[in-house]
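As stored in data18.cif (mmCIF, C-alpha atoms and all ligand atoms):
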data_input
#
loop_
_atom_site.label_atom_id
_atom_site.label_comp_id
_atom_site.auth_asym_id
_atom_site.auth_seq_id
_atom_site.Cartn_x
_atom_site.Cartn_y
_atom_site.Cartn_z
CA MET K 1 6.21 -33.36 -20.44
CA LYS K 2 6.04 -29.65 -19.57
CA THR K 3 5.33 -27.63 -22.69
CA ASN K 4 5.39 -24.27 -20.99
CA LYS K 5 8.83 -23.51 -19.58
CA PHE K 6 7.40 -20.94 -17.16
CA LEU K 7 4.71 -23.15 -15.67
CA GLY K 8 5.23 -23.87 -11.98
CA ARG K 9 8.42 -21.81 -11.63
CA ASP K 10 9.05 -19.65 -8.60
CA TRP K 11 9.48 -15.89 -8.98
CA ILE K 12 11.70 -15.13 -5.99
CA ASP K 13 15.19 -13.99 -7.07
CA ALA K 14 13.80 -13.43 -10.56
CA GLU K 15 16.57 -11.07 -11.68
CA LEU K 16 19.04 -13.90 -11.14
CA ASP K 17 16.92 -16.94 -11.95
CA TYR K 18 15.38 -15.91 -15.28
CA SER K 19 17.41 -15.21 -18.41
CA ARG K 20 17.30 -11.96 -20.32
CA GLU K 21 15.17 -13.67 -23.01
CA GLU K 22 12.73 -14.84 -20.34
CA TRP K 23 12.50 -11.30 -18.95
CA GLU K 24 11.71 -10.13 -22.49
CA THR K 25 8.85 -12.67 -22.53
CA PHE K 26 7.43 -11.39 -19.24
CA ILE K 27 7.66 -7.82 -20.57
CA ASP K 28 5.98 -8.76 -23.88
CA VAL K 29 3.21 -10.70 -22.11
CA GLY K 30 2.66 -7.77 -19.72
CA LEU K 31 2.32 -5.38 -22.65
CA GLU K 32 0.02 -7.79 -24.51
CA LEU K 33 -2.23 -8.13 -21.45
CA LYS K 34 -2.22 -4.35 -21.08
CA ARG K 35 -3.36 -4.05 -24.71
CA ARG K 36 -6.14 -6.62 -24.22
CA TRP K 37 -7.27 -4.87 -21.05
CA ALA K 38 -7.28 -1.46 -22.79
CA MET K 39 -9.30 -2.89 -25.69
CA GLY K 40 -11.82 -4.52 -23.36
CA GLU K 41 -10.88 -7.98 -24.65
CA ASP K 42 -11.92 -10.68 -22.24
CA HIS K 43 -8.92 -12.70 -21.04
CA SER K 44 -10.54 -14.26 -18.00
CA HIS K 45 -10.01 -17.77 -19.40
CA LEU K 46 -6.28 -17.62 -18.67
CA LEU K 47 -6.47 -18.53 -14.99
CA LYS K 48 -10.10 -19.55 -14.78
CA GLY K 49 -10.87 -21.10 -11.41
CA LYS K 50 -7.29 -20.85 -10.13
CA THR K 51 -6.46 -19.57 -6.66
CA LEU K 52 -3.57 -17.40 -5.51
CA PHE K 53 -2.87 -17.14 -1.79
CA THR K 54 -1.20 -13.92 -0.63
CA MET K 55 0.48 -13.24 2.66
CA PHE K 56 1.59 -9.69 3.50
CA PHE K 57 3.78 -9.42 6.60
CA ASN K 58 4.10 -5.68 5.82
CA GLN K 59 1.85 -2.89 4.59
CA SER K 60 1.14 -2.47 0.88
CA LEU K 61 -1.11 -0.45 -1.39
CA ARG K 62 0.13 -1.05 -4.93
CA THR K 63 1.21 -4.69 -4.69
CA ARG K 64 -1.87 -5.73 -2.77
CA SER K 65 -4.39 -3.95 -5.03
CA THR K 66 -2.79 -4.95 -8.34
CA PHE K 67 -2.40 -8.65 -7.52
CA ALA K 68 -6.05 -8.68 -6.40
CA ALA K 69 -7.36 -6.85 -9.48
CA GLY K 70 -5.02 -8.79 -11.77
CA ILE K 71 -6.05 -12.30 -10.81
CA GLN K 72 -9.70 -11.31 -11.02
CA GLN K 73 -9.17 -10.08 -14.60
CA LEU K 74 -7.49 -13.41 -15.42
CA GLY K 75 -10.48 -15.34 -14.10
CA GLY K 76 -8.92 -16.54 -10.87
CA PHE K 77 -9.35 -15.80 -7.18
CA LEU K 78 -7.16 -14.26 -4.52
CA VAL K 79 -7.33 -15.34 -0.92
CA ASP K 80 -5.45 -12.94 1.34
CA LEU K 81 -4.15 -14.75 4.41
CA GLU K 82 -3.32 -12.11 6.96
CA PRO K 83 -0.39 -13.55 8.95
CA SER K 84 -1.84 -12.30 12.26
CA LYS K 85 -5.17 -14.01 11.54
CA THR K 86 -3.68 -17.38 10.59
CA TYR K 87 -1.26 -19.24 12.82
CA THR K 88 1.62 -17.01 11.76
CA PRO K 89 4.02 -19.07 9.62
CA ALA K 90 7.37 -19.41 11.36
CA ARG K 91 10.70 -21.06 10.68
CA LYS K 92 12.03 -23.74 12.99
CA GLY K 93 13.45 -22.09 16.08
CA TYR K 94 11.13 -19.07 15.84
CA GLU K 95 7.90 -20.81 16.86
CA ILE K 96 5.45 -19.91 19.63
CA PRO K 97 3.02 -22.74 20.49
CA TYR K 98 -0.53 -22.25 19.10
CA LYS K 99 0.38 -18.76 17.82
CA THR K 100 2.66 -19.81 14.98
CA GLU K 101 2.75 -22.78 12.64
CA ARG K 102 5.90 -24.15 11.10
CA ILE K 103 6.29 -23.11 7.46
CA CYS K 104 6.64 -26.68 6.22
CA ASP K 105 3.10 -27.40 7.46
CA VAL K 106 1.55 -24.15 6.19
CA ALA K 107 3.18 -24.56 2.77
CA GLN K 108 2.16 -28.19 2.27
CA MET K 109 -1.42 -27.48 3.33
CA LEU K 110 -1.85 -24.51 0.98
CA ASP K 111 -0.21 -26.44 -1.85
CA ARG K 112 -3.15 -28.89 -1.77
CA VAL K 113 -5.86 -26.28 -2.25
CA GLY K 114 -4.55 -23.50 -4.51
CA GLU K 115 -2.26 -22.90 -7.48
CA ALA K 116 0.26 -20.33 -6.20
CA MET K 117 1.49 -18.47 -3.13
CA ALA K 118 2.73 -14.85 -3.01
CA ILE K 119 4.55 -13.42 -0.01
CA ARG K 120 5.79 -10.02 1.15
CA MET K 121 8.21 -9.96 4.05
CA TYR K 122 11.01 -7.60 5.07
CA GLY K 123 11.95 -5.45 8.05
CA GLU K 124 10.37 -5.95 11.45
CA PRO K 125 8.81 -9.40 10.79
CA ALA K 126 12.31 -10.52 9.75
CA GLN K 127 13.97 -8.58 12.61
CA TRP K 128 15.77 -6.42 10.05
CA ILE K 129 18.29 -9.22 9.59
CA TYR K 130 19.40 -9.02 5.99
CA GLY K 131 18.48 -12.18 4.07
CA PHE K 132 16.13 -13.60 6.72
CA ALA K 133 12.97 -12.76 4.75
CA ASN K 134 14.41 -14.03 1.47
CA ALA K 135 15.27 -17.31 3.19
CA THR K 136 11.77 -17.48 4.69
CA ILE K 137 10.13 -17.14 1.26
CA LYS K 138 12.49 -19.80 -0.09
CA GLU K 139 11.45 -22.10 2.72
CA PHE K 140 7.85 -21.85 1.49
CA ALA K 141 9.09 -22.64 -2.02
CA TYR K 142 11.04 -25.66 -0.77
CA TYR K 143 7.85 -27.24 0.56
CA MET K 144 5.53 -26.24 -2.30
CA GLU K 145 5.07 -27.74 -5.74
CA ASN K 146 3.12 -24.63 -6.71
CA PRO K 147 5.02 -21.49 -7.70
CA VAL K 148 5.95 -18.99 -5.00
CA ILE K 149 6.06 -15.29 -5.87
CA ASN K 150 8.20 -12.78 -3.99
CA MET K 151 6.12 -9.60 -3.52
CA GLU K 152 9.17 -7.91 -1.88
CA CYS K 153 11.63 -9.33 0.57
CA ASP K 154 14.70 -7.84 2.23
CA MET K 155 16.87 -8.48 -0.85
CA TYR K 156 14.73 -8.08 -3.97
CA HIS K 157 11.50 -6.57 -5.26
CA PRO K 158 11.26 -8.36 -8.62
CA THR K 159 7.59 -7.62 -9.34
CA GLN K 160 8.43 -3.90 -9.05
CA ALA K 161 11.44 -4.38 -11.31
CA LEU K 162 9.31 -6.04 -13.99
CA ALA K 163 6.75 -3.22 -13.92
CA ASP K 164 9.61 -0.71 -14.19
CA MET K 165 11.19 -2.53 -17.14
CA ILE K 166 7.79 -2.49 -18.86
CA THR K 167 7.61 1.27 -18.21
CA VAL K 168 11.09 1.87 -19.66
CA LYS K 169 10.19 -0.22 -22.73
CA GLU K 170 7.04 1.86 -23.23
CA LYS K 171 8.84 5.17 -22.84
CA PHE K 172 11.96 4.47 -24.92
CA GLY K 173 11.04 1.44 -27.04
CA ARG K 174 14.42 -0.13 -26.21
CA PHE K 175 16.90 -0.83 -23.42
CA LYS K 176 20.19 -0.41 -25.30
CA LYS K 177 21.85 3.01 -24.86
CA VAL K 178 19.36 4.03 -22.17
CA LYS K 179 21.20 5.64 -19.24
CA PHE K 180 19.45 4.45 -16.07
CA VAL K 181 20.43 6.02 -12.73
CA MET K 182 19.51 4.27 -9.50
CA SER K 183 20.27 6.79 -6.78
CA TRP K 184 19.98 6.97 -3.02
CA ALA K 185 17.80 9.82 -1.71
CA TYR K 186 17.24 11.14 1.80
CA SER K 187 14.24 10.19 3.94
CA GLY K 188 13.18 10.83 7.51
CA SER K 189 12.83 7.06 7.97
CA THR K 190 15.98 4.96 8.24
CA HIS K 191 14.13 1.64 8.32
CA LYS K 192 14.12 0.98 4.57
CA PRO K 193 15.05 -2.30 2.89
CA PHE K 194 17.49 -2.87 0.01
CA ALA K 195 14.93 -4.63 -2.17
CA VAL K 196 14.12 -1.83 -4.62
CA PRO K 197 17.66 -0.53 -5.25
CA GLN K 198 19.04 -4.05 -5.58
CA SER K 199 16.34 -5.12 -8.02
CA LEU K 200 16.63 -1.81 -9.86
CA VAL K 201 20.33 -2.22 -10.58
CA LEU K 202 20.03 -5.91 -11.44
CA ALA K 203 17.09 -5.72 -13.85
CA PRO K 204 18.36 -2.80 -15.96
CA THR K 205 21.85 -4.30 -16.27
CA LYS K 206 20.24 -7.61 -17.22
CA MET K 207 18.28 -5.79 -19.95
CA GLY K 208 21.46 -4.16 -21.29
CA MET K 209 21.03 -0.56 -20.14
CA ASP K 210 23.86 1.79 -19.13
CA VAL K 211 23.37 1.75 -15.39
CA VAL K 212 24.84 4.22 -12.92
CA PHE K 213 24.45 3.46 -9.24
CA ALA K 214 24.79 6.62 -7.09
CA ARG K 215 24.93 6.65 -3.30
CA PRO K 216 26.74 8.49 -0.52
CA LYS K 217 29.48 6.55 1.26
CA GLY K 218 27.88 4.09 3.69
CA PHE K 219 24.91 3.24 1.45
CA GLU K 220 26.58 0.55 -0.62
CA LEU K 221 24.55 -2.50 -1.64
CA ASP K 222 25.26 -6.20 -1.14
CA PRO K 223 28.63 -6.81 -2.90
CA ALA K 224 27.20 -10.00 -4.49
CA VAL K 225 24.52 -7.86 -6.20
CA ILE K 226 27.17 -5.49 -7.57
CA GLU K 227 29.14 -8.46 -8.93
CA HIS K 228 26.01 -9.71 -10.74
CA CYS K 229 25.47 -6.25 -12.23
CA LYS K 230 29.02 -6.17 -13.60
CA LYS K 231 28.55 -9.65 -15.05
CA PHE K 232 25.20 -8.75 -16.65
CA ALA K 233 26.66 -5.57 -18.13
CA LYS K 234 29.49 -7.56 -19.69
CA GLU K 235 27.09 -10.16 -21.10
CA THR K 236 24.69 -7.64 -22.61
CA GLY K 237 27.13 -4.98 -23.85
CA GLY K 238 25.60 -2.45 -21.45
CA SER K 239 27.57 -0.84 -18.64
CA PHE K 240 27.60 -0.49 -14.87
CA GLU K 241 29.25 2.26 -12.80
CA GLU K 242 29.12 3.21 -9.13
CA THR K 243 29.60 6.76 -7.83
CA ASP K 244 29.10 8.92 -4.73
CA ASP K 245 28.30 12.00 -6.83
CA MET K 246 24.54 12.42 -7.42
CA ASP K 247 24.95 15.38 -9.81
CA ALA K 248 27.51 13.58 -11.98
CA ALA K 249 25.25 10.53 -12.10
CA PHE K 250 22.26 12.61 -13.25
CA GLU K 251 24.21 14.25 -16.08
CA ASN K 252 22.56 13.32 -19.39
CA ALA K 253 20.47 10.53 -17.86
CA ASP K 254 17.42 9.05 -19.60
CA VAL K 255 15.97 7.65 -16.37
CA VAL K 256 16.54 8.72 -12.76
CA TYR K 257 15.23 6.62 -9.88
CA PRO K 258 16.10 8.39 -6.59
CA LYS K 259 14.95 6.37 -3.60
CA CYS K 260 15.96 5.87 0.02
CA TRP K 261 17.34 2.72 1.66
CA GLY K 262 19.15 2.00 4.90
CA ALA K 263 22.85 1.66 5.63
CA MET K 264 23.87 -2.00 5.78
CA ASP K 265 26.53 -1.57 8.51
CA TYR K 266 24.03 -0.18 11.01
CA PHE K 267 21.53 -3.06 10.84
CA ALA K 268 21.87 -6.10 13.12
CA GLN K 269 24.38 -8.66 11.90
CA VAL K 270 24.13 -12.42 12.46
CA ASP K 271 26.56 -15.29 12.19
CA LYS K 272 26.02 -18.33 9.96
CA LYS K 273 23.82 -19.95 12.62
CA GLY K 274 21.54 -16.88 12.78
CA LYS K 275 22.87 -15.69 16.17
CA ILE K 276 22.99 -11.90 16.49
CA VAL K 277 26.64 -10.86 16.68
CA LYS K 278 26.10 -7.08 16.30
CA LYS K 279 23.01 -5.11 17.39
CA GLU K 280 21.41 -2.52 15.10
CA ASN K 281 22.55 1.07 15.63
CA LEU K 282 19.68 3.32 14.58
CA ASP K 283 21.18 6.48 16.15
CA GLY K 284 24.34 5.98 14.12
CA MET K 285 22.31 5.39 10.97
CA LYS K 286 20.22 8.55 11.59
CA LYS K 287 23.43 10.63 11.89
CA LEU K 288 24.63 9.25 8.54
CA PHE K 289 21.25 10.03 6.96
CA ASP K 290 21.27 13.60 8.29
CA LYS K 291 24.69 14.26 6.74
CA ASN K 292 23.16 13.54 3.33
CA LYS K 293 19.97 15.60 3.32
CA ASP K 294 21.07 17.24 0.07
CA TRP K 295 20.44 13.94 -1.76
CA ILE K 296 17.00 15.12 -2.88
CA CYS K 297 15.62 15.02 -6.40
CA ASP K 298 14.65 18.63 -7.07
CA ALA K 299 14.19 20.81 -10.16
CA LYS K 300 17.90 21.74 -10.16
CA LYS K 301 18.92 18.08 -10.36
CA MET K 302 16.29 17.37 -13.04
CA LYS K 303 17.90 20.08 -15.21
CA LEU K 304 20.97 17.83 -15.42
CA ILE K 305 19.12 14.96 -17.11
CA LYS K 306 18.10 14.84 -20.77
CA PRO K 307 15.01 16.94 -21.64
CA SER K 308 13.41 13.64 -22.72
CA GLY K 309 14.49 11.98 -19.46
CA ILE K 310 12.05 10.59 -16.90
CA TYR K 311 11.74 10.50 -13.11
CA MET K 312 10.80 7.10 -11.64
CA HIS K 313 9.87 5.99 -8.12
CA CYS K 314 8.25 2.78 -6.90
CA LEU K 315 6.03 4.71 -4.41
CA PRO K 316 5.25 5.47 -1.69
CA ALA K 317 7.61 8.45 -2.03
CA ASP K 318 8.71 10.59 0.88
CA ARG K 319 7.78 13.99 -0.55
CA ASP K 320 10.00 16.96 0.46
CA MET K 321 12.68 14.46 1.49
CA GLU K 322 13.39 12.08 -1.40
CA VAL K 323 11.77 14.36 -3.98
CA THR K 324 10.12 17.76 -4.30
CA ASP K 325 6.46 18.09 -5.31
CA GLU K 326 7.58 20.02 -8.37
CA VAL K 327 9.44 16.95 -9.68
CA ILE K 328 7.09 14.12 -8.71
CA ASP K 329 4.07 16.08 -9.97
CA GLY K 330 5.98 17.44 -12.96
CA PRO K 331 5.92 16.50 -16.66
CA GLN K 332 8.92 14.15 -16.46
CA SER K 333 7.44 12.03 -13.68
CA VAL K 334 6.06 8.62 -14.71
CA VAL K 335 5.27 7.31 -11.24
CA PHE K 336 1.63 6.49 -11.96
CA ASP K 337 2.55 4.69 -15.20
CA GLU K 338 4.88 2.55 -13.10
CA ALA K 339 2.15 1.96 -10.51
CA GLU K 340 -0.35 0.98 -13.20
CA ASN K 341 2.21 -1.30 -14.80
CA ARG K 342 2.35 -3.28 -11.56
CA LEU K 343 -1.07 -4.61 -12.63
CA HIS K 344 0.15 -5.71 -16.07
CA ALA K 345 3.44 -7.07 -14.72
CA HIS K 346 1.71 -9.15 -12.05
CA LYS K 347 -0.77 -10.48 -14.58
CA ALA K 348 2.11 -11.56 -16.81
CA ILE K 349 3.83 -13.34 -13.92
CA MET K 350 0.65 -15.10 -12.81
CA ALA K 351 -0.39 -16.02 -16.34
CA LEU K 352 2.98 -17.58 -17.10
CA VAL K 353 3.85 -19.34 -13.84
CA MET K 354 0.32 -20.40 -12.88
CA GLY K 355 -0.37 -21.94 -16.23
CA GLY K 356 -2.26 -19.59 -18.45
CA ARG K 357 -1.73 -20.21 -22.20
CA LEU K 358 -1.83 -17.05 -24.25
N1 LIG K 401 5.99 -0.09 -4.65
C1 LIG K 401 5.31 -0.92 -3.84
O1 LIG K 401 5.66 -2.10 -3.67
O2 LIG K 401 4.21 -0.37 -3.29
P1 LIG K 401 3.38 -0.98 -2.06
O3 LIG K 401 4.32 -1.01 -0.88
O4 LIG K 401 2.25 -0.02 -1.87
O5 LIG K 401 2.93 -2.34 -2.43
#

Would you mind writing the file out in structure tokens?
Amino acid sequence: MKTNKFLGRDWIDAELDYSREEWETFIDVGLELKRRWAMGEDHSHLLKGKTLFTMFFNQSLRTRSTFAAGIQQLGGFLVDLEPSKTYTPARKGYEIPYKTERICDVAQMLDRVGEAMAIRMYGEPAQWIYGFANATIKEFAYYMENPVINMECDMYHPTQALADMITVKEKFGRFKKVKFVMSWAYSGSTHKPFAVPQSLVLAPTKMGMDVVFARPKGFELDPAVIEHCKKFAKETGGSFEETDDMDAAFENADVVYPKCWGAMDYFAQVDKKGKIVKKENLDGMKKLFDKNKDWICDAKKMKLIKPSGIYMHCLPADRDMEVTDEVIDGPQSVVFDEAENRLHAHKAIMALVMGGRL
């Protein structure tokens, strides 16, 4: 009989798959591990001798470094499998002989020799087809007994969301009556996934905050995500609103999270069988971006939020586009607290799903 209800569970669509109470547990465990780490208390027994495999199909600084440091502090090991140096895992129909290996074979092999698998995939390796990367990670999970952790796909970035919820809890001591604004911001790069904004409207509504989602027309999120947010807000007694007015959204906010993502309509679209039915239109997307260059988080916008309010960003930030130096380097910015909390969040996830007993 399983005595630990977290043991062996995947962390893929975590905002949807774990209850609010379970999120509270991850937050509490993250904070407890942060306390132990700060006090120099050894906690390397928690995952002693256990192995996490990571596979990054995209670049990463924060996620890569904090998973590596985190598992070491818990007594385990990380083996980073660079997709280009293995036989790149591929779904059926996307294989190239002796260059790729079908995911079912990769997953079952790794399941025999480690305790968990963590994957990052979005964008180019998933051909910018919305949902392809999420489905790829779920295919690993289908063939593995061990837990699979989503380190960012094309739909969600739940490890980031957990670190950010820990940060909000530290700054405000509560979630209720905290006005949290997830806002689009301009960038010179149009190739940006929906993972952060989608996770950062789902998690705060799940935790019961008053969430405002601000974006120019054309930068809407997956309608299914918005429906979940409305449902979570109803369940928790929080609220969820959507607006195309950045200034109005910032008014009296406790938290602002301005960040760029792409425009869904301009990415390639596929039918149910995965056949491309509409090609991506990057020129069209660039024109839409350039119409909205004023969506920048600057000192003027920060004057609209509460004096006690905070500026958040998952990093890397596009300085002078998404945000001015004055804001990101200013006293209301908590970006390095968030980045540090990736370490504590990832340790909480690993400790709970890989079988540590606190
Ligand atoms: N925020 C985040 O996921 O950072 P990295 O891309 O550096 O991992």

Please identify all polymer residues within 12 Å of K:Met151, counting only C-alpha atoms, omitting same-chain residues fewer than 5 positions from it, and present them as a ChimeraX atom specification.
-> /K:10-14,53-64,66-67,117-122,133-134,137,156-162,195-196,342,345-346,349

Got time to write the residues from that selection, C-alpha atoms, as an mmCIF file, in the frame of the given file?
data_model
loop_
_atom_site.group_PDB
_atom_site.id
_atom_site.type_symbol
_atom_site.label_atom_id
_atom_site.label_comp_id
_atom_site.auth_asym_id
_atom_site.auth_seq_id
_atom_site.Cartn_x
_atom_site.Cartn_y
_atom_site.Cartn_z
ATOM 1 C CA ASP K 10 9.050 -19.650 -8.600
ATOM 2 C CA TRP K 11 9.480 -15.890 -8.980
ATOM 3 C CA ILE K 12 11.700 -15.130 -5.990
ATOM 4 C CA ASP K 13 15.190 -13.990 -7.070
ATOM 5 C CA ALA K 14 13.800 -13.430 -10.560
ATOM 6 C CA PHE K 53 -2.870 -17.140 -1.790
ATOM 7 C CA THR K 54 -1.200 -13.920 -0.630
ATOM 8 C CA MET K 55 0.480 -13.240 2.660
ATOM 9 C CA PHE K 56 1.590 -9.690 3.500
ATOM 10 C CA PHE K 57 3.780 -9.420 6.600
ATOM 11 C CA ASN K 58 4.100 -5.680 5.820
ATOM 12 C CA GLN K 59 1.850 -2.890 4.590
ATOM 13 C CA SER K 60 1.140 -2.470 0.880
ATOM 14 C CA LEU K 61 -1.110 -0.450 -1.390
ATOM 15 C CA ARG K 62 0.130 -1.050 -4.930
ATOM 16 C CA THR K 63 1.210 -4.690 -4.690
ATOM 17 C CA ARG K 64 -1.870 -5.730 -2.770
ATOM 18 C CA THR K 66 -2.790 -4.950 -8.340
ATOM 19 C CA PHE K 67 -2.400 -8.650 -7.520
ATOM 20 C CA MET K 117 1.490 -18.470 -3.130
ATOM 21 C CA ALA K 118 2.730 -14.850 -3.010
ATOM 22 C CA ILE K 119 4.550 -13.420 -0.010
ATOM 23 C CA ARG K 120 5.790 -10.020 1.150
ATOM 24 C CA MET K 121 8.210 -9.960 4.050
ATOM 25 C CA TYR K 122 11.010 -7.600 5.070
ATOM 26 C CA ALA K 133 12.970 -12.760 4.750
ATOM 27 C CA ASN K 134 14.410 -14.030 1.470
ATOM 28 C CA ILE K 137 10.130 -17.140 1.260
ATOM 29 C CA TYR K 156 14.730 -8.080 -3.970
ATOM 30 C CA HIS K 157 11.500 -6.570 -5.260
ATOM 31 C CA PRO K 158 11.260 -8.360 -8.620
ATOM 32 C CA THR K 159 7.590 -7.620 -9.340
ATOM 33 C CA GLN K 160 8.430 -3.900 -9.050
ATOM 34 C CA ALA K 161 11.440 -4.380 -11.310
ATOM 35 C CA LEU K 162 9.310 -6.040 -13.990
ATOM 36 C CA ALA K 195 14.930 -4.630 -2.170
ATOM 37 C CA VAL K 196 14.120 -1.830 -4.620
ATOM 38 C CA ARG K 342 2.350 -3.280 -11.560
ATOM 39 C CA ALA K 345 3.440 -7.070 -14.720
ATOM 40 C CA HIS K 346 1.710 -9.150 -12.050
ATOM 41 C CA ILE K 349 3.830 -13.340 -13.920
#

Expressed in Å to a single decimal, how great is the separation between atom O2 of ligand LIG 401 (chain K) and atom CA of K:Thr167?
-> 15.4 Å

Centre and size of axis-aligned box enclosing ligand LIG 401 (chain K) plus 6 Å each side, as JSON:
{"center_x": 4.1, "center_y": -1.2, "center_z": -2.8, "size_x": 15.7, "size_y": 14.3, "size_z": 15.8}

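For the set K:Gly208, K:Gly309, K:Pro316, K:Pro193, the residue with the smallest atom-to-atom gap to K:Met264 is K:Pro193, counting all atoms listed in the file.
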
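Nearest residue to ligand LIG 401 (chain K) among K:Ser239, K:Thr190, K:Asn341, K:Asn252 is K:Asn341, counting only C-alpha atoms and all ligand atoms.
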
Give as a count of residues only the set of residues within 12 Å of the point (1.2, -28.2, 7.1), where distances use the file's coordinates and all atoms listed in the file.
-> 20

Closest of K:Val255, K:Val353, K:Met321, K:Ala68 to ligand LIG 401 (chain K), counting all atoms listed in the file, is K:Ala68

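Of the residues listed (K:Val148, K:Leu315, K:Ala38, K:Ala351), K:Leu315 shows the shortest atom-to-atom separation from ligand LIG 401 (chain K); distances use all atoms listed in the file.
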
Contacts of K:Ala253 at 6 Å (all atoms listed in the file; same-chain gap of 4+ positions) as a PyMOL selection string | chain K and resi 179+305-306

Output the selection as a CSV table (one decimal), keeping the file's coordinate frame - C-alpha atoms for each residue.
chain,number,residue,atom,x,y,z
K,179,LYS,CA,21.2,5.6,-19.2
K,305,ILE,CA,19.1,15.0,-17.1
K,306,LYS,CA,18.1,14.8,-20.8

K:Gly238 surroundings by only C-alpha atoms, 10 Å radius, close-in-sequence under 3 positions cut, as a short mmCIF file (atom, residue, chain, number, x, y, z; two decimals) with C-alpha atoms, in the coordinates of the input:
data_model
loop_
_atom_site.label_atom_id
_atom_site.label_comp_id
_atom_site.auth_asym_id
_atom_site.auth_seq_id
_atom_site.Cartn_x
_atom_site.Cartn_y
_atom_site.Cartn_z
CA PHE K 175 16.90 -0.83 -23.42
CA LYS K 176 20.19 -0.41 -25.30
CA LYS K 177 21.85 3.01 -24.86
CA VAL K 178 19.36 4.03 -22.17
CA LYS K 179 21.20 5.64 -19.24
CA PRO K 204 18.36 -2.80 -15.96
CA THR K 205 21.85 -4.30 -16.27
CA LYS K 206 20.24 -7.61 -17.22
CA MET K 207 18.28 -5.79 -19.95
CA GLY K 208 21.46 -4.16 -21.29
CA MET K 209 21.03 -0.56 -20.14
CA ASP K 210 23.86 1.79 -19.13
CA VAL K 211 23.37 1.75 -15.39
CA CYS K 229 25.47 -6.25 -12.23
CA LYS K 230 29.02 -6.17 -13.60
CA PHE K 232 25.20 -8.75 -16.65
CA ALA K 233 26.66 -5.57 -18.13
CA LYS K 234 29.49 -7.56 -19.69
CA GLU K 235 27.09 -10.16 -21.10
#

Which residues of stretch 263-305 of chain K have any atom within 12 Å of an atom in stretch 328-340 of chain K when counting all atoms listed in the file, and what is the closest pair of atoms for each, with the distance in Å to one decimal? Order the rows by chain and rising number and write it as JSON lines.
{"residue": "K:Ile296", "atom": "CA", "partner": "K:Ile328", "partner_atom": "CA", "distance": 11.5}
{"residue": "K:Cys297", "atom": "CA", "partner": "K:Ile328", "partner_atom": "CA", "distance": 8.9}
{"residue": "K:Asp298", "atom": "CA", "partner": "K:Ile328", "partner_atom": "CA", "distance": 9.0}
{"residue": "K:Ala299", "atom": "CA", "partner": "K:Gly330", "partner_atom": "CA", "distance": 9.3}
{"residue": "K:Met302", "atom": "CA", "partner": "K:Gln332", "partner_atom": "CA", "distance": 8.7}
{"residue": "K:Lys303", "atom": "CA", "partner": "K:Gln332", "partner_atom": "CA", "distance": 10.8}
{"residue": "K:Ile305", "atom": "CA", "partner": "K:Gln332", "partner_atom": "CA", "distance": 10.3}

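Distances here use all atoms listed in the file; by that measure, the residue among K:Met350, K:Val79, K:Asp222, K:Lys259 closest to ligand LIG 401 (chain K) is K:Lys259.
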
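When atom CA of K:Ala268 is paired with atom CA of K:Leu282, their separation reads 9.8 Å.
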
Quick one, how far is atom CA of K:Met285 from atom CA of K:Phe267?
-> 8.5 Å
